[in-house]
Structures are given as structure tokens and as C-alpha cells.
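**Student:** Below is the file data_19.csv, which contains CSV, C-alpha atoms.
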chain,number,residue,atom,x,y,z
Q,222,MET,CA,-29.6,75.6,-45.7
Q,223,SER,CA,-26.1,75.6,-47.1
Q,224,ASP,CA,-23.9,72.6,-46.2
Q,225,ALA,CA,-21.3,74.8,-44.4
Q,226,LYS,CA,-24.0,76.3,-42.3
Q,227,LYS,CA,-25.2,72.8,-41.4
Q,228,TYR,CA,-21.8,71.7,-40.2
Q,229,THR,CA,-21.4,74.9,-38.2
Q,230,ILE,CA,-24.7,74.4,-36.4
Q,231,GLY,CA,-23.9,70.8,-35.7
Q,232,PHE,CA,-20.5,71.8,-34.3
Q,233,VAL,CA,-21.9,74.5,-32.0
Q,234,LEU,CA,-24.7,72.2,-30.8
Q,235,SER,CA,-22.1,69.5,-30.1
Q,236,LEU,CA,-19.9,71.9,-28.1
Q,237,LEU,CA,-23.0,73.0,-26.1
Q,238,ALA,CA,-24.0,69.4,-25.3
Q,239,THR,CA,-20.5,68.6,-24.3
Q,240,TRP,CA,-20.1,71.6,-22.0
Q,241,LEU,CA,-23.5,71.0,-20.5
Q,242,ALA,CA,-22.7,67.3,-19.6
Q,243,TYR,CA,-19.3,68.4,-18.3
Q,244,SER,CA,-20.7,71.2,-16.0
Q,245,ILE,CA,-23.5,69.0,-14.7
Q,246,ALA,CA,-21.1,66.2,-13.7
Q,247,VAL,CA,-18.2,68.3,-12.4
Q,248,GLY,CA,-20.5,70.7,-10.6
Q,249,HIS,CA,-22.7,68.0,-9.2
Q,250,LEU,CA,-25.8,70.0,-10.3
Q,251,VAL,CA,-28.2,67.0,-9.9
Q,252,ASN,CA,-28.3,64.0,-7.6
Q,253,ALA,CA,-26.5,60.8,-8.6
Q,254,HIS,CA,-29.5,58.8,-9.9
Q,255,ALA,CA,-30.9,61.7,-12.0
Q,256,MET,CA,-27.4,62.4,-13.2
Q,257,ILE,CA,-27.1,59.0,-15.1
Q,258,VAL,CA,-30.4,59.6,-16.9
Q,259,VAL,CA,-29.5,63.2,-17.7
Q,260,LEU,CA,-26.0,62.3,-19.0
Q,261,VAL,CA,-27.3,59.4,-21.2
Q,262,VAL,CA,-30.0,61.7,-22.6
Q,263,LEU,CA,-27.4,64.3,-23.4
Q,264,ALA,CA,-25.2,61.7,-25.1
Q,265,VAL,CA,-28.1,60.4,-27.2
Q,266,ILE,CA,-28.9,64.0,-28.2
Q,267,GLN,CA,-25.3,64.5,-29.1
Q,268,LEU,CA,-25.5,61.3,-31.2
Q,269,VAL,CA,-28.5,62.6,-33.1
Q,270,ILE,CA,-26.8,65.9,-33.7
Q,271,GLN,CA,-23.7,64.3,-35.2
Q,272,LEU,CA,-25.7,61.8,-37.2
Q,273,VAL,CA,-27.9,64.5,-38.7
Q,274,TYR,CA,-25.5,67.3,-39.2
Q,275,PHE,CA,-22.2,65.5,-39.9
Q,276,LEU,CA,-23.2,62.1,-41.3
Q,277,HIS,CA,-26.3,63.4,-43.2
Q,278,PHE,CA,-28.4,60.7,-41.7
Q,279,GLY,CA,-32.0,60.7,-42.9
Q,280,SER,CA,-31.2,62.4,-46.2
Q,281,PRO,CA,-33.1,61.1,-49.3
Q,282,GLY,CA,-31.7,57.8,-50.6
Q,283,SER,CA,-30.4,56.6,-47.3
Q,284,LYS,CA,-33.1,54.0,-46.6
Q,285,TRP,CA,-30.7,51.0,-46.5
Q,286,ASN,CA,-28.3,52.9,-44.3
Q,287,MET,CA,-31.1,53.6,-42.0
Q,288,LEU,CA,-32.2,49.9,-42.0
Q,289,ALA,CA,-28.6,48.8,-41.2
Q,290,PHE,CA,-28.4,51.4,-38.4
Q,291,VAL,CA,-31.7,50.2,-36.8
Q,292,PHE,CA,-30.5,46.6,-37.0
Q,293,MET,CA,-27.2,47.5,-35.4
Q,294,GLY,CA,-29.1,49.4,-32.7
Q,295,ILE,CA,-31.2,46.4,-31.8
Q,296,VAL,CA,-28.1,44.1,-31.6
Q,297,LEU,CA,-26.3,46.8,-29.6
Q,298,LEU,CA,-29.2,47.0,-27.0
Q,299,ILE,CA,-29.2,43.2,-26.7
Q,300,ILE,CA,-25.4,43.1,-26.0
Q,301,VAL,CA,-25.4,46.0,-23.6
Q,302,VAL,CA,-28.7,45.5,-21.7
Q,303,GLY,CA,-28.3,41.7,-21.7
Q,304,SER,CA,-24.7,41.9,-20.3
Q,305,LEU,CA,-25.7,44.3,-17.6
Q,306,TRP,CA,-28.8,42.3,-16.7
Q,307,ILE,CA,-27.1,38.9,-16.6
Q,308,MET,CA,-24.1,40.2,-14.7
Q,309,ALA,CA,-26.2,42.1,-12.1
Q,310,ASN,CA,-28.3,38.9,-11.6
Q,311,LEU,CA,-25.2,36.8,-11.2
Q,312,ASP,CA,-23.7,39.3,-8.8
Q,313,TYR,CA,-26.9,39.3,-6.7
Q,314,ASN,CA,-27.1,35.5,-6.6
Q,315,MET,CA,-23.5,34.7,-6.0
Q,316,MET,CA,-21.9,37.6,-4.2
Q,317,GLN,CA,-24.6,39.2,-2.1
Q,318,ARG,CA,-25.6,36.0,-0.3
Q,319,SER,CA,-24.0,34.1,2.6
Q,320,PRO,CA,-22.8,30.5,1.8
Q,321,ASP,CA,-25.9,29.1,3.6
Q,322,GLU,CA,-28.2,31.2,1.6
Q,323,LYS,CA,-26.5,30.1,-1.7
Q,324,ASN,CA,-26.8,26.5,-0.6
Q,325,SER,CA,-30.5,26.7,0.1
Q,326,TYR,CA,-31.0,28.7,-3.1
Q,327,MET,CA,-29.4,26.0,-5.2
Q,328,ILE,CA,-31.3,23.2,-3.4
Q,329,GLU,CA,-34.5,25.2,-4.0
Q,330,GLN,CA,-33.6,25.6,-7.7
Q,331,SER,CA,-32.7,21.9,-8.2
Q,332,ASN,CA,-36.0,20.9,-6.6
Q,333,LYS,CA,-37.8,23.0,-9.2
Q,334,GLY,CA,-36.0,20.9,-11.8
Q,335,PHE,CA,-33.4,23.4,-13.0
U,1154,MET,CA,-23.4,59.9,-57.5
U,1155,ASN,CA,-23.1,56.8,-59.7
U,1156,GLN,CA,-24.2,53.4,-58.6
U,1157,LEU,CA,-20.8,52.0,-57.9
U,1158,ALA,CA,-19.9,55.0,-55.7
U,1159,SER,CA,-23.1,54.7,-53.7
U,1160,LYS,CA,-22.5,51.0,-53.2
U,1161,ARG,CA,-19.1,51.8,-51.8
U,1162,TYR,CA,-20.6,54.3,-49.4
U,1163,PHE,CA,-23.1,51.7,-48.3
U,1164,GLY,CA,-20.5,49.0,-47.9
U,1165,PHE,CA,-18.4,51.4,-45.8
U,1166,TRP,CA,-21.5,52.3,-43.7
U,1167,LEU,CA,-22.0,48.5,-43.0
U,1168,TYR,CA,-18.4,48.3,-41.8
U,1169,LEU,CA,-19.0,51.2,-39.5
U,1170,MET,CA,-22.1,49.5,-38.1
U,1171,THR,CA,-20.1,46.4,-37.3
U,1172,ASP,CA,-17.5,48.5,-35.7
U,1173,CYS,CA,-20.2,50.0,-33.5
U,1174,LEU,CA,-21.0,46.5,-32.3
U,1175,LEU,CA,-17.3,45.9,-31.4
U,1176,PHE,CA,-17.5,49.1,-29.3
U,1177,ALA,CA,-20.8,48.0,-27.8
U,1178,ALA,CA,-19.2,44.8,-26.5
U,1179,LEU,CA,-16.3,46.8,-25.1
U,1180,PHE,CA,-18.7,49.3,-23.5
U,1181,ALA,CA,-20.8,46.5,-22.0
U,1182,THR,CA,-17.6,45.0,-20.6
U,1183,TYR,CA,-16.5,48.3,-19.1
U,1184,VAL,CA,-19.8,49.1,-17.5
U,1185,VAL,CA,-20.0,45.6,-15.9
U,1186,LEU,CA,-16.4,45.7,-14.6
U,1187,ARG,CA,-16.0,49.4,-13.6
U,1188,GLY,CA,-16.8,48.7,-10.0
U,1189,ASN,CA,-14.3,45.9,-9.7
U,1190,THR,CA,-11.3,48.0,-8.7
U,1191,ALA,CA,-9.5,45.3,-6.6
U,1192,ASP,CA,-8.4,47.8,-4.0
U,1193,GLY,CA,-6.8,49.8,-6.8
U,1194,PRO,CA,-7.9,53.4,-7.7
U,1195,ARG,CA,-11.5,54.1,-8.5
U,1196,PRO,CA,-12.6,56.0,-11.6
U,1197,SER,CA,-13.1,59.3,-9.8
U,1198,GLU,CA,-9.6,59.2,-8.4
U,1199,ILE,CA,-7.6,58.9,-11.7
U,1200,PHE,CA,-9.5,61.0,-14.3
U,1201,ASN,CA,-8.2,64.5,-15.0
U,1202,MET,CA,-11.4,66.1,-16.1
U,1203,PRO,CA,-10.2,69.5,-17.6
U,1204,PHE,CA,-7.6,67.5,-19.6
U,1205,VAL,CA,-10.3,65.2,-21.0
U,1206,LEU,CA,-12.6,68.1,-21.8
U,1207,VAL,CA,-9.7,69.6,-23.9
U,1208,GLU,CA,-9.3,66.3,-25.7
U,1209,THR,CA,-13.0,66.2,-26.5
U,1210,VAL,CA,-13.0,69.8,-27.8
U,1211,ILE,CA,-10.0,69.0,-30.0
U,1212,LEU,CA,-11.7,65.9,-31.5
U,1213,LEU,CA,-15.0,67.7,-32.0
U,1214,THR,CA,-13.1,70.5,-33.8
U,1215,SER,CA,-11.2,68.1,-36.0
U,1216,SER,CA,-14.5,66.4,-37.0
U,1217,PHE,CA,-16.0,69.9,-37.9
U,1218,ILE,CA,-12.9,70.7,-40.0
U,1219,CYS,CA,-13.2,67.3,-41.6
U,1220,GLY,CA,-16.7,68.2,-42.7
U,1221,LEU,CA,-15.6,71.5,-44.1
U,1222,MET,CA,-12.8,69.6,-45.9
U,1223,LEU,CA,-15.4,67.4,-47.6
U,1224,LEU,CA,-17.3,70.5,-48.7
U,1225,ALA,CA,-14.1,72.0,-50.2
U,1226,ALA,CA,-13.5,68.7,-52.1
U,1227,LYS,CA,-17.0,68.7,-53.4
U,1228,ALA,CA,-16.5,72.2,-54.7
U,1229,ASN,CA,-13.3,71.0,-56.4
U,1230,ASN,CA,-11.1,73.3,-54.3
U,1231,VAL,CA,-8.1,71.0,-53.9
U,1232,ARG,CA,-5.9,73.6,-52.2
U,1233,ARG,CA,-8.4,74.2,-49.5
U,1234,THR,CA,-9.1,70.5,-49.2
U,1235,LYS,CA,-5.4,69.8,-48.5
U,1236,THR,CA,-5.1,72.7,-46.0
U,1237,LEU,CA,-8.1,71.5,-44.0
U,1238,LEU,CA,-7.0,67.8,-44.2
U,1239,PHE,CA,-3.7,68.9,-42.8
U,1240,GLY,CA,-5.6,70.7,-40.0
U,1241,VAL,CA,-7.5,67.4,-39.3
U,1242,ILE,CA,-4.2,65.5,-39.1
U,1243,VAL,CA,-2.6,68.1,-36.7
U,1244,LEU,CA,-5.6,68.0,-34.3
U,1245,GLY,CA,-5.7,64.1,-34.6
U,1246,VAL,CA,-2.0,63.9,-33.7
U,1247,LEU,CA,-2.6,66.3,-30.8
U,1248,PHE,CA,-5.5,64.2,-29.5
U,1249,LEU,CA,-3.5,60.9,-29.8
U,1250,GLY,CA,-0.5,62.5,-28.1
U,1251,MET,CA,-2.7,63.7,-25.2
U,1252,GLU,CA,-4.3,60.2,-24.8
U,1253,LEU,CA,-0.9,58.5,-24.8
U,1254,SER,CA,0.5,60.9,-22.2
U,1255,GLU,CA,-2.6,60.2,-20.1
U,1256,PHE,CA,-2.0,56.4,-20.4
U,1257,THR,CA,1.7,56.8,-19.6
U,1258,GLN,CA,0.9,58.9,-16.5
U,1259,LEU,CA,-1.7,56.3,-15.3
U,1260,VAL,CA,0.8,53.5,-15.7
U,1261,HIS,CA,3.5,55.5,-13.8
U,1262,GLU,CA,1.0,56.1,-11.0
U,1263,GLY,CA,0.5,52.4,-10.6
U,1264,ALA,CA,-2.9,52.4,-12.4
U,1265,GLY,CA,-1.9,50.2,-15.4
U,1266,TRP,CA,-4.0,47.6,-17.1
U,1267,THR,CA,-2.9,44.8,-14.8
U,1268,THR,CA,-4.0,46.6,-11.6
U,1269,SER,CA,-7.8,45.8,-11.7
U,1270,ALA,CA,-10.6,44.6,-13.9
U,1271,PHE,CA,-11.8,48.2,-14.1
U,1272,LEU,CA,-8.5,49.4,-15.5
U,1273,SER,CA,-8.2,46.4,-17.9
U,1274,ALA,CA,-11.6,47.3,-19.4
U,1275,PHE,CA,-10.7,51.0,-19.4
U,1276,PHE,CA,-7.5,50.6,-21.3
U,1277,THR,CA,-9.1,48.1,-23.8
U,1278,LEU,CA,-12.0,50.4,-24.6
U,1279,VAL,CA,-10.2,53.7,-24.7
U,1280,GLY,CA,-7.1,52.1,-26.4
U,1281,THR,CA,-9.3,50.5,-29.1
U,1282,HIS,CA,-10.6,54.0,-29.9
U,1283,GLY,CA,-7.1,55.3,-29.9
U,1284,ALA,CA,-6.0,52.6,-32.3
U,1285,HIS,CA,-8.8,53.6,-34.6
U,1286,ILE,CA,-7.6,57.2,-34.5
U,1287,PHE,CA,-4.1,56.0,-35.3
U,1288,ILE,CA,-5.3,54.1,-38.3
U,1289,GLY,CA,-7.4,57.1,-39.3
U,1290,LEU,CA,-4.3,59.3,-39.2
U,1291,LEU,CA,-2.4,56.9,-41.4
U,1292,TRP,CA,-5.3,57.0,-43.8
U,1293,ALA,CA,-5.4,60.8,-43.7
U,1294,GLY,CA,-1.7,60.9,-44.5
U,1295,ALA,CA,-2.1,58.6,-47.5
U,1296,LEU,CA,-5.1,60.7,-48.7
U,1297,LEU,CA,-3.0,63.9,-48.4
U,1298,TRP,CA,-0.3,62.3,-50.4
U,1299,LEU,CA,-2.8,61.3,-53.1
U,1300,LEU,CA,-4.3,64.8,-53.2
U,1301,GLN,CA,-0.7,66.1,-53.6
U,1302,THR,CA,0.5,63.8,-56.3
U,1303,ARG,CA,-2.6,63.0,-58.5
U,1304,THR,CA,-5.0,65.1,-60.4
U,1305,PHE,CA,-8.3,65.5,-58.5
U,1306,ASN,CA,-11.1,63.4,-59.9
U,1307,ASP,CA,-14.3,61.6,-58.8
U,1308,ALA,CA,-12.4,58.6,-57.4
U,1309,LEU,CA,-10.3,60.9,-55.1
U,1310,LEU,CA,-13.5,62.7,-54.1
U,1311,GLN,CA,-14.9,59.4,-53.1
U,1312,LYS,CA,-11.9,58.4,-51.0
U,1313,THR,CA,-12.2,61.8,-49.3
U,1314,GLY,CA,-15.8,61.2,-48.5
U,1315,LEU,CA,-15.2,57.7,-47.0
U,1316,PHE,CA,-12.4,59.1,-44.8
U,1317,ALA,CA,-14.7,61.9,-43.6
U,1318,MET,CA,-17.3,59.3,-42.7
U,1319,PHE,CA,-14.7,57.3,-40.7
U,1320,TRP,CA,-13.5,60.4,-38.9
U,1321,HIS,CA,-17.1,61.5,-37.9
U,1322,PHE,CA,-17.8,58.0,-36.7
U,1323,LEU,CA,-14.7,58.1,-34.4
U,1324,ASP,CA,-16.0,61.4,-33.0
U,1325,VAL,CA,-19.4,59.8,-32.2
U,1326,ILE,CA,-17.7,56.9,-30.4
U,1327,TRP,CA,-15.6,59.3,-28.4
U,1328,ILE,CA,-18.7,61.2,-27.2
U,1329,PHE,CA,-19.9,58.0,-25.6
U,1330,ILE,CA,-16.5,57.3,-24.1
U,1331,PHE,CA,-16.4,60.8,-22.7
U,1332,THR,CA,-19.9,60.4,-21.2
U,1333,ILE,CA,-19.8,56.8,-20.0
U,1334,VAL,CA,-16.2,56.5,-18.9
U,1335,TYR,CA,-15.0,59.9,-17.9
U,1336,ILE,CA,-18.1,62.0,-16.9
U,1337,MET,CA,-20.0,59.2,-15.2
U,1338,GLY,CA,-16.7,58.0,-13.6
U,1339,ALA,CA,-16.0,61.5,-12.2
U,1340,ALA,CA,-19.6,62.1,-11.0
Turn this file's structure into C-alpha cells for me.
**Tutor:**
Amino acid sequence: MSDAKKYTIGFVLSLLATWLAYSIAVGHLVNAHAMIVVLVVLAVIQLVIQLVYFLHFGSPGSKWNMLAFVFMGIVLLIIVVGSLWIMANLDYNMMQRSPDEKNSYMIEQSNKGF
Amino acid sequence: MNQLASKRYFGFWLYLMTDCLLFAALFATYVVLRGNTADGPRPSEIFNMPFVLVETVILLTSSFICGLMLLAAKANNVRRTKTLLFGVIVLGVLFLGMELSEFTQLVHEGAGWTTSAFLSAFFTLVGTHGAHIFIGLLWAGALLWLLQTRTFNDALLQKTGLFAMFWHFLDVIWIFIFTIVYIMGAA
């Protein structure tokens, strides 16, 4: 496949993914919970399209690039998932309880030795 | 590609990976804070979706043209390289202008970065991407000037390749801003 053709295919696929995500969200085509999953999947597909067609990811001789990318991906997941997890947990423990509940929760935790 | 050139590409790739982590931190901050609107506007109330779609198509197109520019440079077609690079710059300026007009409008509507944690995180994330685009445009301008004044050689081809990588990378980051900030905000 010629390089120009590769870029063109990548461009067309990117436009398609963008248009699909846009029409699903603006037209409310699926319910709110399914929407987040669908949109994240579309964004990841878009990421793969751009990596493969524009940044020539996975071409021979890019082993170290791939390794650095995978390492970045792991750190990225720790940052994003970790932040969301910790903050949701804090929110649940500190904001969604009454003062009495918080009080008894803390006493319970300190009795456990925390 | 000689060994030094391939080391340069790898070094630049490592920089891009660390930049991804910078954006990961900003994305995490945004997602955590986006519900904290402090009685200010919610995401769905302030985003102009058709406007953002046009911005996205402009940036995607500029990334595509940037790819074609690199091909022209590899084929030693300096004239075509310069024309396409100019096209990238025009689209980039258009994109940045649209983003700045969106920011100005939001601030005028009372949805500035001091209004709520959501808006602080929004302006920081989208603004950081905008700052990258601005630096990319300066780089593109300098590259165009070099292509204009110097004879085309391997060193210049390498500079062109690195710029193309940077520009594609900014396109990838924008896809996530488009999805996570705008589309999920509007939905």
C-alpha cells in the first residue's frame, strides 16, 4: 500500500469515527450508561487508527517506541484510574454521609487500628 | 535512516510519551472535578457542539495534510512540501482562533476559570492543548522559513519528520478532549 493511500484511509476512518461519536452523543442514540462505554471505545479505535496510519506505529524497527508506549500506557492508567477511584471513595466517605455516620465510621476505623 | 537520526526520532517519541502523561494528569483532574460546578453552568449548558465539530474536522484535516507534507519532503519535492506546510499553518491558526473565540465567549458569559472547579479544570486542560498548538505553529513557521532559505537536505527532512510527529500527536490528544470533555459533557 502506498504511503499516500495509507494517510487517506486513516483520514477517512478518523472522520467516520468522529462523525459517529458526534451523532451518537448529540442524537442521544443510546442510553447514558452505554453511551460512555461506546464513546470510550470509539476514542480508542480512533487512537489506534491515528497511531497506525499517521504515526506508523508497529512498523519494523519500532520495538523501543512500542515499549516506551506500553510503559506510558501503564502509568497513564495508574494516574487516571487511581485518581477516579480515590476521589470517588473520598466523596463516598466524606460527602455522602451524615456527620453522625462519619463520626461512627471514624471510631470504627480507629478501633481497627487505622 | 542513519543511527543518529533514528536516535533523534526515538528521543522525540520519549518526549511525546511524557507529554501524554502530563495530559493524563490533566484529564484525571478534569474527570474528577467536572461535576463540581459550584452553582455555575454545567458542561451541557456551555458547549456549542457544531462549533466544536468544525474545530475537530479542521484539526483532523491539518493532520492529514501534515502527513502528505512529510511524503512530499521524502520525495524531495520542496515546493509541494512548502505549500502543504503553509496549509497546515493556515488550518492551525484557524483552529487556534476558533478556540480563543470560544474561550472569550465563555468568559463573557460568566463561565470563566474562576467560576467553578469544573471550569478551572476545563480551561487548564483545553488551554494546555491550545498552548501546544501555538508552539507547534511557531515551529511550523520556523520550519517554513528554513525550507525557504536553505537547500533541502537530510537534516531538514529530519526536522520536517519531527514536526509531523508532534502535529499528529496533538491531533490524538484533541480526539480525547473532543470525546471526554465535549461529547461526554453534551450527552
**Student:** Enumerate, in order of chain and increasing residue number, the residues of chain U with an atom no farther than 6 Å from chain Q, each with its shortest atom pair and distance in Å to one decimal, counting all atoms listed in the file, as CSV.
**Tutor:**
residue,atom,partner,partner_atom,distance
U:Leu1174,CA,Q:Leu297,CA,6.0
U:Ala1177,CA,Q:Leu297,CA,5.9
U:Ala1181,CA,Q:Val301,CA,4.9
U:Ala1340,CA,Q:Ala246,CA,5.1
**Student:** Using C-alpha atoms, can you write the selected residues to a file as a short mmCIF file (atom, residue, chain, number, x, y, z; two decimals), keeping the file's coordinate frame?
**Tutor:**
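Heads up, here's the output in part19.cif:
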data_model
loop_
_atom_site.label_atom_id
_atom_site.label_comp_id
_atom_site.auth_asym_id
_atom_site.auth_seq_id
_atom_site.Cartn_x
_atom_site.Cartn_y
_atom_site.Cartn_z
CA LEU U 1174 -21.00 46.50 -32.30
CA ALA U 1177 -20.80 48.00 -27.80
CA ALA U 1181 -20.80 46.50 -22.00
CA ALA U 1340 -19.60 62.10 -11.00
#
**Student:** Using all atoms listed in the file, determine which residues lie at most 12 Å from Asn1201 of chain U, disregarding the query and same-chain residues fewer than 5 positions distant; provide the list as a JSON list (two decimals) with C-alpha atoms, in the frame of the given file.
**Tutor:**
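Output below, filename selection-v7.json:
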[["chain", "number", "residue", "atom", "x", "y", "z"],
["Q", 247, "VAL", "CA", -18.20, 68.30, -12.40],
["U", 1196, "PRO", "CA", -12.60, 56.00, -11.60],
["U", 1206, "LEU", "CA", -12.60, 68.10, -21.80],
["U", 1207, "VAL", "CA", -9.70, 69.60, -23.90],
["U", 1208, "GLU", "CA", -9.30, 66.30, -25.70],
["U", 1251, "MET", "CA", -2.70, 63.70, -25.20],
["U", 1252, "GLU", "CA", -4.30, 60.20, -24.80],
["U", 1254, "SER", "CA", 0.50, 60.90, -22.20],
["U", 1255, "GLU", "CA", -2.60, 60.20, -20.10],
["U", 1256, "PHE", "CA", -2.00, 56.40, -20.40],
["U", 1258, "GLN", "CA", 0.90, 58.90, -16.50],
["U", 1259, "LEU", "CA", -1.70, 56.30, -15.30],
["U", 1331, "PHE", "CA", -16.40, 60.80, -22.70],
["U", 1334, "VAL", "CA", -16.20, 56.50, -18.90],
["U", 1335, "TYR", "CA", -15.00, 59.90, -17.90],
["U", 1336, "ILE", "CA", -18.10, 62.00, -16.90],
["U", 1338, "GLY", "CA", -16.70, 58.00, -13.60],
["U", 1339, "ALA", "CA", -16.00, 61.50, -12.20]]
**Student:** Calculated over all atoms listed in the file, which of the candidates U:Gln1301, U:Cys1219, U:Val1185, U:Phe1165 has the smallest distance to Asn310 of chain Q?
**Tutor:**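 So, comparing all the options, the nearest one is U:Val1185.
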**Student:** Could you list, as a PyMOL selection string, every residue within 9 Å of segment 1210-1214 of chain U, counting only C-alpha atoms and ignoring same-chain residues fewer than 6 positions away?
**Tutor:** (chain Q and resi 232+235-236+239) or (chain U and resi 1241+1244-1245+1247-1248+1321+1323-1324+1327-1328)
**Student:** Could you check how far atom CA of Ile1242 of chain U sits from atom CA of Leu1223 of chain U, in Å to one decimal?
**Tutor:**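 That distance, rounded to one decimal, is 14.2 Å.
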**Student:** Rounded to one decimal place, report the atom CA of Leu241 of chain Q-atom CA of Phe1287 of chain U distance in Å.
**Tutor:**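 Answer for the atom CA of Leu241 of chain Q to atom CA of Phe1287 of chain U separation: 28.6 Å.
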**Student:** May I ask which of the residues U:Ile1330, U:Ala1270, U:Leu1300, U:Leu1167 is the closest one to Asn1189 of chain U, counting only C-alpha atoms?
**Tutor:**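 Closest to Asn1189 of chain U, using only C-alpha atoms: U:Ala1270.
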**Student:** Rounded to one decimal, what separation in Å do you get between atom CA of Leu1309 of chain U and atom CA of Val1231 of chain U?
**Tutor:** 10.4 Å
**Student:** Of the candidates U:Phe1163, U:Phe1180, U:Lys1227, U:Ala1158, which shows the shortest atom-to-atom distance to Leu1310 of chain U, using only C-alpha atoms?
**Tutor:**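 Checking each of U:Phe1163, U:Phe1180, U:Lys1227, U:Ala1158 against Leu1310 of chain U, counting only C-alpha atoms, the winner is U:Lys1227.
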**Student:** Can you pull out the residues contacting segment 1302-1306 of chain U? Cut-off 12 Å, using all atoms listed in the file, and skip same-chain residues under 6 positions away; I want them as an MDAnalysis selection string.
**Tutor:** chainID U and resid 1226:1232 1234:1235 1295:1296 1312:1313
